[in-house]
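Visitor: File target14.pdb below, PDB, C-alpha atoms:
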```pdb
ATOM      1  CA  MET V   1     -13.035  26.168 -63.185
ATOM      2  CA  ILE V   2     -12.118  24.579 -59.865
ATOM      3  CA  LYS V   3     -15.676  25.060 -58.598
ATOM      4  CA  ARG V   4     -17.115  23.378 -61.694
ATOM      5  CA  PHE V   5     -14.701  20.458 -61.315
ATOM      6  CA  ALA V   6     -15.580  20.063 -57.625
ATOM      7  CA  PHE V   7     -19.296  20.236 -58.416
ATOM      8  CA  SER V   8     -18.918  17.618 -61.184
ATOM      9  CA  CYS V   9     -17.002  15.264 -58.859
ATOM     10  CA  ALA V  10     -19.607  15.670 -56.135
ATOM     11  CA  TRP V  11     -22.427  14.969 -58.578
ATOM     12  CA  LEU V  12     -20.693  11.828 -59.931
ATOM     13  CA  MET V  13     -20.086  10.542 -56.387
ATOM     14  CA  TRP V  14     -23.748  11.146 -55.470
ATOM     15  CA  MET V  15     -24.877   9.243 -58.581
ATOM     16  CA  ALA V  16     -22.547   6.329 -57.792
ATOM     17  CA  VAL V  17     -23.776   6.097 -54.194
ATOM     18  CA  SER V  18     -27.413   6.298 -55.355
ATOM     19  CA  CYS V  19     -26.931   3.455 -57.874
ATOM     20  CA  ALA V  20     -25.132   1.284 -55.330
ATOM     21  CA  THR V  21     -27.867   1.857 -52.753
ATOM     22  CA  ALA V  22     -30.573   1.014 -55.280
ATOM     23  CA  GLN V  23     -28.832  -2.261 -56.194
ATOM     24  CA  THR V  24     -28.286  -3.188 -52.559
ATOM     25  CA  SER V  25     -31.878  -2.528 -51.524
ATOM     26  CA  ALA V  26     -33.442  -4.158 -54.604
ATOM     27  CA  PRO V  27     -35.915  -6.822 -53.469
ATOM     28  CA  ALA V  28     -35.196 -10.487 -54.099
ATOM     29  CA  PRO V  29     -37.039 -12.048 -57.043
ATOM     30  CA  ALA V  30     -40.549 -13.092 -56.098
ATOM     31  CA  TYR V  31     -41.711 -16.621 -56.894
ATOM     32  CA  ASN V  32     -45.311 -17.784 -56.743
ATOM     33  CA  PHE V  33     -44.933 -21.507 -57.436
ATOM     34  CA  GLN V  34     -42.517 -24.351 -56.913
ATOM     35  CA  ALA V  35     -42.626 -27.658 -58.795
ATOM     36  CA  GLY V  36     -40.505 -30.747 -58.431
ATOM     37  CA  ILE V  37     -40.030 -34.305 -59.567
ATOM     38  CA  PHE V  38     -38.580 -37.065 -57.423
ATOM     39  CA  ALA V  39     -37.543 -40.680 -57.127
ATOM     40  CA  GLU V  40     -38.782 -42.511 -54.064
ATOM     41  CA  ASP V  41     -38.454 -45.679 -52.026
ATOM     42  CA  PHE V  42     -41.536 -46.959 -50.199
ATOM     43  CA  ARG V  43     -40.986 -49.622 -47.524
ATOM     44  CA  LEU V  44     -44.201 -51.570 -47.055
ATOM     45  CA  GLY V  45     -43.932 -52.808 -43.491
ATOM     46  CA  ARG V  46     -47.026 -55.008 -43.530
ATOM     47  CA  ILE V  47     -45.297 -57.466 -45.840
ATOM     48  CA  SER V  48     -42.850 -59.858 -44.151
ATOM     49  CA  PRO V  49     -40.020 -59.440 -44.892
ATOM     50  CA  THR V  50     -40.388 -55.694 -45.543
ATOM     51  CA  LEU V  51     -40.988 -54.952 -49.229
ATOM     52  CA  ASP V  52     -39.032 -52.080 -50.832
ATOM     53  CA  MET V  53     -40.927 -50.436 -53.695
ATOM     54  CA  PRO V  54     -39.063 -47.893 -55.875
ATOM     55  CA  GLY V  55     -41.176 -45.279 -57.621
ATOM     56  CA  ALA V  56     -41.413 -41.751 -58.974
ATOM     57  CA  GLY V  57     -43.649 -38.722 -58.522
ATOM     58  CA  ALA V  58     -44.171 -34.991 -58.773
ATOM     59  CA  ARG V  59     -45.249 -32.213 -56.421
ATOM     60  CA  PHE V  60     -46.447 -28.625 -56.675
ATOM     61  CA  SER V  61     -46.499 -25.941 -53.983
ATOM     62  CA  LEU V  62     -47.652 -22.345 -53.463
ATOM     63  CA  PHE V  63     -45.701 -19.545 -51.718
ATOM     64  CA  PRO V  64     -42.196 -21.100 -52.054
ATOM     65  CA  GLN V  65     -40.487 -18.158 -50.331
ATOM     66  CA  SER V  66     -42.770 -18.183 -47.300
ATOM     67  CA  TRP V  67     -42.265 -20.177 -44.097
ATOM     68  CA  PHE V  68     -45.730 -21.656 -44.743
ATOM     69  CA  GLN V  69     -46.553 -23.454 -48.005
ATOM     70  CA  LEU V  70     -49.505 -25.339 -49.430
ATOM     71  CA  GLU V  71     -48.465 -28.459 -51.332
ATOM     72  CA  ILE V  72     -49.893 -31.359 -53.336
ATOM     73  CA  GLU V  73     -48.103 -34.436 -54.645
ATOM     74  CA  GLY V  74     -48.726 -37.683 -56.440
ATOM     75  CA  SER V  75     -46.516 -40.727 -56.922
ATOM     76  CA  TYR V  76     -46.502 -44.245 -58.314
ATOM     77  CA  ASP V  77     -44.488 -47.237 -57.102
ATOM     78  CA  PHE V  78     -43.497 -49.746 -59.752
ATOM     79  CA  ALA V  79     -44.745 -53.346 -59.689
ATOM     80  CA  GLN V  80     -43.099 -55.688 -57.197
ATOM     81  CA  THR V  81     -43.653 -59.397 -56.652
ATOM     82  CA  PHE V  82     -43.732 -61.230 -53.328
ATOM     83  CA  THR V  83     -44.874 -64.569 -51.927
ATOM     84  CA  SER V  84     -47.166 -64.891 -48.917
ATOM     85  CA  SER V  85     -49.092 -67.577 -47.046
ATOM     86  CA  TRP V  86     -52.827 -68.025 -47.553
ATOM     87  CA  THR V  87     -55.018 -70.231 -45.377
ATOM     88  CA  ASN V  88     -58.617 -71.386 -44.932
ATOM     89  CA  GLY V  89     -58.031 -72.403 -41.320
ATOM     90  CA  PHE V  90     -57.035 -75.953 -42.170
ATOM     91  CA  VAL V  91     -54.710 -75.774 -45.175
ATOM     92  CA  THR V  92     -51.974 -73.199 -45.882
ATOM     93  CA  ASP V  93     -50.601 -72.428 -49.331
ATOM     94  CA  ASN V  94     -47.952 -69.994 -50.622
ATOM     95  CA  LEU V  95     -49.150 -67.728 -53.440
ATOM     96  CA  THR V  96     -47.438 -65.015 -55.500
ATOM     97  CA  THR V  97     -48.799 -61.452 -55.592
ATOM     98  CA  HIS V  98     -47.930 -58.663 -58.056
ATOM     99  CA  LEU V  99     -48.366 -55.270 -56.364
ATOM    100  CA  ARG V 100     -48.360 -51.652 -57.568
ATOM    101  CA  VAL V 101     -49.021 -48.644 -55.308
ATOM    102  CA  ALA V 102     -50.232 -45.123 -56.133
ATOM    103  CA  ARG V 103     -50.893 -42.219 -53.768
ATOM    104  CA  GLY V 104     -52.135 -38.642 -53.751
ATOM    105  CA  LEU V 105     -51.518 -36.176 -50.923
ATOM    106  CA  GLY V 106     -52.199 -32.549 -50.055
ATOM    107  CA  GLY V 107     -51.304 -30.475 -47.019
ATOM    108  CA  VAL V 108     -48.955 -27.941 -45.470
ATOM    109  CA  LYS V 109     -45.174 -27.531 -45.389
ATOM    110  CA  MET V 110     -43.407 -25.317 -42.823
ATOM    111  CA  ASN V 111     -39.892 -24.057 -43.526
ATOM    112  CA  LYS V 112     -36.972 -22.793 -41.429
ATOM    113  CA  ARG V 113     -34.189 -21.086 -43.386
ATOM    114  CA  LEU V 114     -30.687 -21.833 -42.052
ATOM    115  CA  ASN V 115     -28.836 -19.669 -44.580
ATOM    116  CA  LYS V 116     -29.307 -18.310 -48.103
ATOM    117  CA  LYS V 117     -29.087 -21.758 -49.679
ATOM    118  CA  LEU V 118     -30.187 -24.263 -47.039
ATOM    119  CA  ARG V 119     -33.461 -24.739 -45.204
ATOM    120  CA  VAL V 120     -35.155 -27.498 -43.241
ATOM    121  CA  PHE V 121     -38.871 -28.208 -43.178
ATOM    122  CA  ALA V 122     -41.670 -30.259 -41.674
ATOM    123  CA  ALA V 123     -44.781 -31.367 -43.544
ATOM    124  CA  VAL V 124     -48.194 -32.831 -42.738
ATOM    125  CA  LYS V 125     -50.373 -34.127 -45.584
ATOM    126  CA  ALA V 126     -53.430 -36.302 -46.024
ATOM    127  CA  GLY V 127     -54.883 -38.178 -48.971
ATOM    128  CA  PHE V 128     -55.224 -41.730 -50.255
ATOM    129  CA  ILE V 129     -53.108 -44.770 -51.023
ATOM    130  CA  ASP V 130     -54.231 -47.245 -53.670
ATOM    131  CA  PHE V 131     -53.045 -50.851 -53.649
ATOM    132  CA  ASN V 132     -53.395 -52.428 -57.093
ATOM    133  CA  SER V 133     -52.593 -56.106 -56.648
ATOM    134  CA  SER V 134     -53.229 -59.412 -58.342
ATOM    135  CA  THR V 135     -52.809 -62.844 -56.794
ATOM    136  CA  GLN V 136     -53.340 -65.744 -59.156
ATOM    137  CA  ASN V 137     -55.150 -68.992 -58.387
ATOM    138  CA  ILE V 138     -56.520 -68.063 -54.946
ATOM    139  CA  PRO V 139     -58.380 -71.135 -53.606
ATOM    140  CA  GLN V 140     -61.972 -70.447 -52.561
ATOM    141  CA  GLY V 141     -62.262 -69.507 -48.884
ATOM    142  CA  PHE V 142     -58.582 -68.656 -48.474
ATOM    143  CA  THR V 143     -57.640 -65.355 -46.778
ATOM    144  CA  ASN V 144     -54.402 -63.480 -46.133
ATOM    145  CA  PRO V 145     -53.585 -61.279 -43.100
ATOM    146  CA  GLN V 146     -51.572 -58.886 -45.303
ATOM    147  CA  ASP V 147     -54.632 -57.366 -47.024
ATOM    148  CA  PRO V 148     -54.987 -54.860 -48.694
ATOM    149  CA  ALA V 149     -51.516 -55.494 -50.121
ATOM    150  CA  THR V 150     -52.708 -58.854 -51.454
ATOM    151  CA  ARG V 151     -56.099 -57.568 -52.655
ATOM    152  CA  SER V 152     -56.761 -54.262 -54.422
ATOM    153  CA  ALA V 153     -58.063 -51.524 -52.095
ATOM    154  CA  THR V 154     -57.901 -47.763 -51.484
ATOM    155  CA  ASP V 155     -57.278 -46.456 -47.952
ATOM    156  CA  PHE V 156     -56.960 -43.128 -46.152
ATOM    157  CA  LEU V 157     -53.332 -41.981 -45.916
ATOM    158  CA  LEU V 158     -51.710 -39.587 -43.426
ATOM    159  CA  TYR V 159     -48.142 -38.402 -44.033
ATOM    160  CA  PRO V 160     -46.073 -36.673 -41.317
ATOM    161  CA  GLY V 161     -42.520 -35.994 -42.461
ATOM    162  CA  GLY V 162     -39.705 -33.538 -43.004
ATOM    163  CA  GLY V 163     -36.504 -32.914 -44.872
ATOM    164  CA  VAL V 164     -33.991 -30.448 -46.259
ATOM    165  CA  GLU V 165     -33.770 -28.243 -49.369
ATOM    166  CA  TYR V 166     -30.645 -26.812 -50.954
ATOM    167  CA  SER V 167     -30.699 -24.056 -53.610
ATOM    168  CA  PHE V 168     -28.062 -23.976 -56.339
ATOM    169  CA  GLY V 169     -29.439 -20.774 -57.832
ATOM    170  CA  SER V 170     -32.426 -18.489 -57.745
ATOM    171  CA  HIS V 171     -34.593 -20.852 -59.792
ATOM    172  CA  TRP V 172     -33.674 -24.424 -58.850
ATOM    173  CA  GLY V 173     -32.374 -26.719 -56.143
ATOM    174  CA  VAL V 174     -32.655 -30.230 -54.706
ATOM    175  CA  ARG V 175     -34.855 -31.629 -51.971
ATOM    176  CA  PHE V 176     -34.809 -34.694 -49.698
ATOM    177  CA  ASP V 177     -37.913 -35.862 -47.811
ATOM    178  CA  ALA V 178     -38.465 -38.698 -45.346
ATOM    179  CA  GLY V 179     -41.625 -39.578 -43.476
ATOM    180  CA  ASP V 180     -44.269 -42.113 -42.521
ATOM    181  CA  ASP V 181     -46.923 -43.246 -44.996
ATOM    182  CA  LEU V 182     -49.458 -44.053 -42.287
ATOM    183  CA  TYR V 183     -52.534 -45.712 -43.808
ATOM    184  CA  PHE V 184     -55.740 -46.843 -42.095
ATOM    185  CA  ASP V 185     -57.503 -50.093 -42.955
ATOM    186  CA  HIS V 186     -60.513 -51.604 -41.176
ATOM    187  CA  GLY V 187     -59.876 -49.797 -37.904
ATOM    188  CA  HIS V 188     -56.124 -50.413 -37.840
ATOM    189  CA  HIS V 189     -53.208 -48.195 -38.861
ATOM    190  CA  TYR V 190     -49.941 -49.255 -40.479
ATOM    191  CA  SER V 191     -46.654 -47.317 -40.614
ATOM    192  CA  ASN V 192     -44.435 -47.426 -43.691
ATOM    193  CA  ILE V 193     -41.230 -45.439 -44.231
ATOM    194  CA  ARG V 194     -40.979 -43.442 -47.469
ATOM    195  CA  GLY V 195     -38.086 -41.321 -48.710
ATOM    196  CA  THR V 196     -37.900 -39.089 -51.791
ATOM    197  CA  PHE V 197     -35.129 -37.161 -53.558
ATOM    198  CA  GLY V 198     -35.188 -34.891 -56.599
ATOM    199  CA  PRO V 199     -34.839 -31.418 -58.152
ATOM    200  CA  THR V 200     -37.127 -28.438 -57.517
ATOM    201  CA  PHE V 201     -37.903 -25.468 -59.767
ATOM    202  CA  ARG V 202     -39.291 -22.047 -58.762
ATOM    203  CA  PHE V 203     -41.394 -19.786 -61.009
TER     204      PHE V 203
END
```
Please express what this file holds, its structure, as structure tokens.

Guide:
Amino acid sequence: MIKRFAFSCAWLMWMAVSCATAQTSAPAPAYNFQAGIFAEDFRLGRISPTLDMPGAGARFSLFPQSWFQLEIEGSYDFAQTFTSSWTNGFVTDNLTTHLRVARGLGGVKMNKRLNKKLRVFAAVKAGFIDFNSSTQNIPQGFTNPQDPATRSATDFLLYPGGGVEYSFGSHWGVRFDAGDDLYFDHGHHYSNIRGTFGPTFRF
């Protein structure tokens, strides 16, 4: 009787240890994709004074648990109005421009995990920026040094940036990005600060 009891206790202890070990060594959930939406502020430095353009966008990335991710994003900045000086070399006039900006980017994101919930990252992306503007009653022969913000155009865009991500659970978190929307126009490049903030979701 005592031997049976001892054997039963030993067997129950072995089962308990086996279950605990299995739970401890169980792999973390694997995620293949991460998607997010964000609000943004784009500071167009070519306009004087600097023009702040609020907007919104979305992004999608592969390999969210890896230190190396592939990512695409698109965003749209809502219409803003500003006044600028136009000249034909002899006469100067102040005209009002209505401007909207859209952009599309794709590139890489490199992560460094600080703990289970927090990680920092750097990103490099390339794509386009589209200036959709309208200036009414432009006199013939007048030009503006702030093109393409005052005339519609699409330019090459390079984005170096970085930020932080914080996870509230296994499937979602929040993310803050800041970087330089560096666009190239007629042989010149122009830096513009852009920051984004919003939730992320892993699948």

Visitor: Find the residues near stretch 147-163 of chain V: any atom within 6 Å, counting all atoms listed in the file, skip ones fewer than 3 places away on the same chain, and give them as a count of residues only.

Guide: 23

Visitor: For this file, the PyMOL selection byres ((chain V and resi 42-55) around 12) selects which residues, as a PyMOL selection string?

Guide: chain V and resi 37-41+56-58+74-85+97-103+129+131+144-150+177-183+185+188-197

Visitor: So that I have them on file, write out the residues from the current selection with C-alpha atoms, as a tab-separated table (two decimals), keeping the file's coordinate frame.

Guide:
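The resulting result09.tsv:
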```tsv
chain	number	residue	atom	x	y	z
V	37	ILE	CA	-40.03	-34.30	-59.57
V	38	PHE	CA	-38.58	-37.06	-57.42
V	39	ALA	CA	-37.54	-40.68	-57.13
V	40	GLU	CA	-38.78	-42.51	-54.06
V	41	ASP	CA	-38.45	-45.68	-52.03
V	56	ALA	CA	-41.41	-41.75	-58.97
V	57	GLY	CA	-43.65	-38.72	-58.52
V	58	ALA	CA	-44.17	-34.99	-58.77
V	74	GLY	CA	-48.73	-37.68	-56.44
V	75	SER	CA	-46.52	-40.73	-56.92
V	76	TYR	CA	-46.50	-44.24	-58.31
V	77	ASP	CA	-44.49	-47.24	-57.10
V	78	PHE	CA	-43.50	-49.75	-59.75
V	79	ALA	CA	-44.74	-53.35	-59.69
V	80	GLN	CA	-43.10	-55.69	-57.20
V	81	THR	CA	-43.65	-59.40	-56.65
V	82	PHE	CA	-43.73	-61.23	-53.33
V	83	THR	CA	-44.87	-64.57	-51.93
V	84	SER	CA	-47.17	-64.89	-48.92
V	85	SER	CA	-49.09	-67.58	-47.05
V	97	THR	CA	-48.80	-61.45	-55.59
V	98	HIS	CA	-47.93	-58.66	-58.06
V	99	LEU	CA	-48.37	-55.27	-56.36
V	100	ARG	CA	-48.36	-51.65	-57.57
V	101	VAL	CA	-49.02	-48.64	-55.31
V	102	ALA	CA	-50.23	-45.12	-56.13
V	103	ARG	CA	-50.89	-42.22	-53.77
V	129	ILE	CA	-53.11	-44.77	-51.02
V	131	PHE	CA	-53.04	-50.85	-53.65
V	144	ASN	CA	-54.40	-63.48	-46.13
V	145	PRO	CA	-53.58	-61.28	-43.10
V	146	GLN	CA	-51.57	-58.89	-45.30
V	147	ASP	CA	-54.63	-57.37	-47.02
V	148	PRO	CA	-54.99	-54.86	-48.69
V	149	ALA	CA	-51.52	-55.49	-50.12
V	150	THR	CA	-52.71	-58.85	-51.45
V	177	ASP	CA	-37.91	-35.86	-47.81
V	178	ALA	CA	-38.47	-38.70	-45.35
V	179	GLY	CA	-41.62	-39.58	-43.48
V	180	ASP	CA	-44.27	-42.11	-42.52
V	181	ASP	CA	-46.92	-43.25	-45.00
V	182	LEU	CA	-49.46	-44.05	-42.29
V	183	TYR	CA	-52.53	-45.71	-43.81
V	185	ASP	CA	-57.50	-50.09	-42.96
V	188	HIS	CA	-56.12	-50.41	-37.84
V	189	HIS	CA	-53.21	-48.20	-38.86
V	190	TYR	CA	-49.94	-49.26	-40.48
V	191	SER	CA	-46.65	-47.32	-40.61
V	192	ASN	CA	-44.44	-47.43	-43.69
V	193	ILE	CA	-41.23	-45.44	-44.23
V	194	ARG	CA	-40.98	-43.44	-47.47
V	195	GLY	CA	-38.09	-41.32	-48.71
V	196	THR	CA	-37.90	-39.09	-51.79
V	197	PHE	CA	-35.13	-37.16	-53.56
```

Visitor: Since I can't run it myself right now, could you work out what the PyMOL selection byres ((chain V and resi 136) around 8) selects here and report it as a list in words?

Guide: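 After applying the PyMOL selection byres ((chain V and resi 136) around 8), what remains is Leu95, Thr96, Thr97, Ser134, Thr135, Asn137 and Ile138 of chain V.
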
Visitor: Box for stretch 123-141 of chain V: with edges along x, y and z, all listed atoms inside and 5 Å added on each side, what are the centre and edge lengths in Å to one decimal, as JSON?

Guide:
```
{"center_x": -53.5, "center_y": -51.3, "center_z": -50.9, "size_x": 27.5, "size_y": 49.8, "size_z": 26.4}
```

Visitor: In Å to one decimal, how far is atom CA of V:Gly187 from atom CA of V:Val91?

Guide: 27.5 Å

Visitor: For each of V:Pro139, V:Gly89, V:Gly107, V:Gly36, take the minimum atom-to-atom distance to V:His171, counting only C-alpha atoms, then give the residue where this is smallest.

Guide: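 Result for the nearest residue to V:His171: V:Gly36.
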
Visitor: For each of V:Trp172, V:Tyr166, V:Phe203, V:Trp86, take the minimum atom-to-atom distance to V:Phe63, counting all atoms listed in the file, then give the residue where this is smallest.

Guide: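 Among the listed residues, the smallest separation from V:Phe63 belongs to V:Phe203.
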
Visitor: Calculate how many Å separate atom CA of V:Glu165 from atom CA of V:Gln65, rounding to one decimal.

Guide: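 Calculated distance between atom CA of V:Glu165 and atom CA of V:Gln65 is 12.2 Å.
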
Visitor: For atom CA of V:Leu114 and atom CA of V:Glu73, quote the distance in Å rounded to one decimal.

Guide: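 Calculated distance between atom CA of V:Leu114 and atom CA of V:Glu73 is 24.9 Å.
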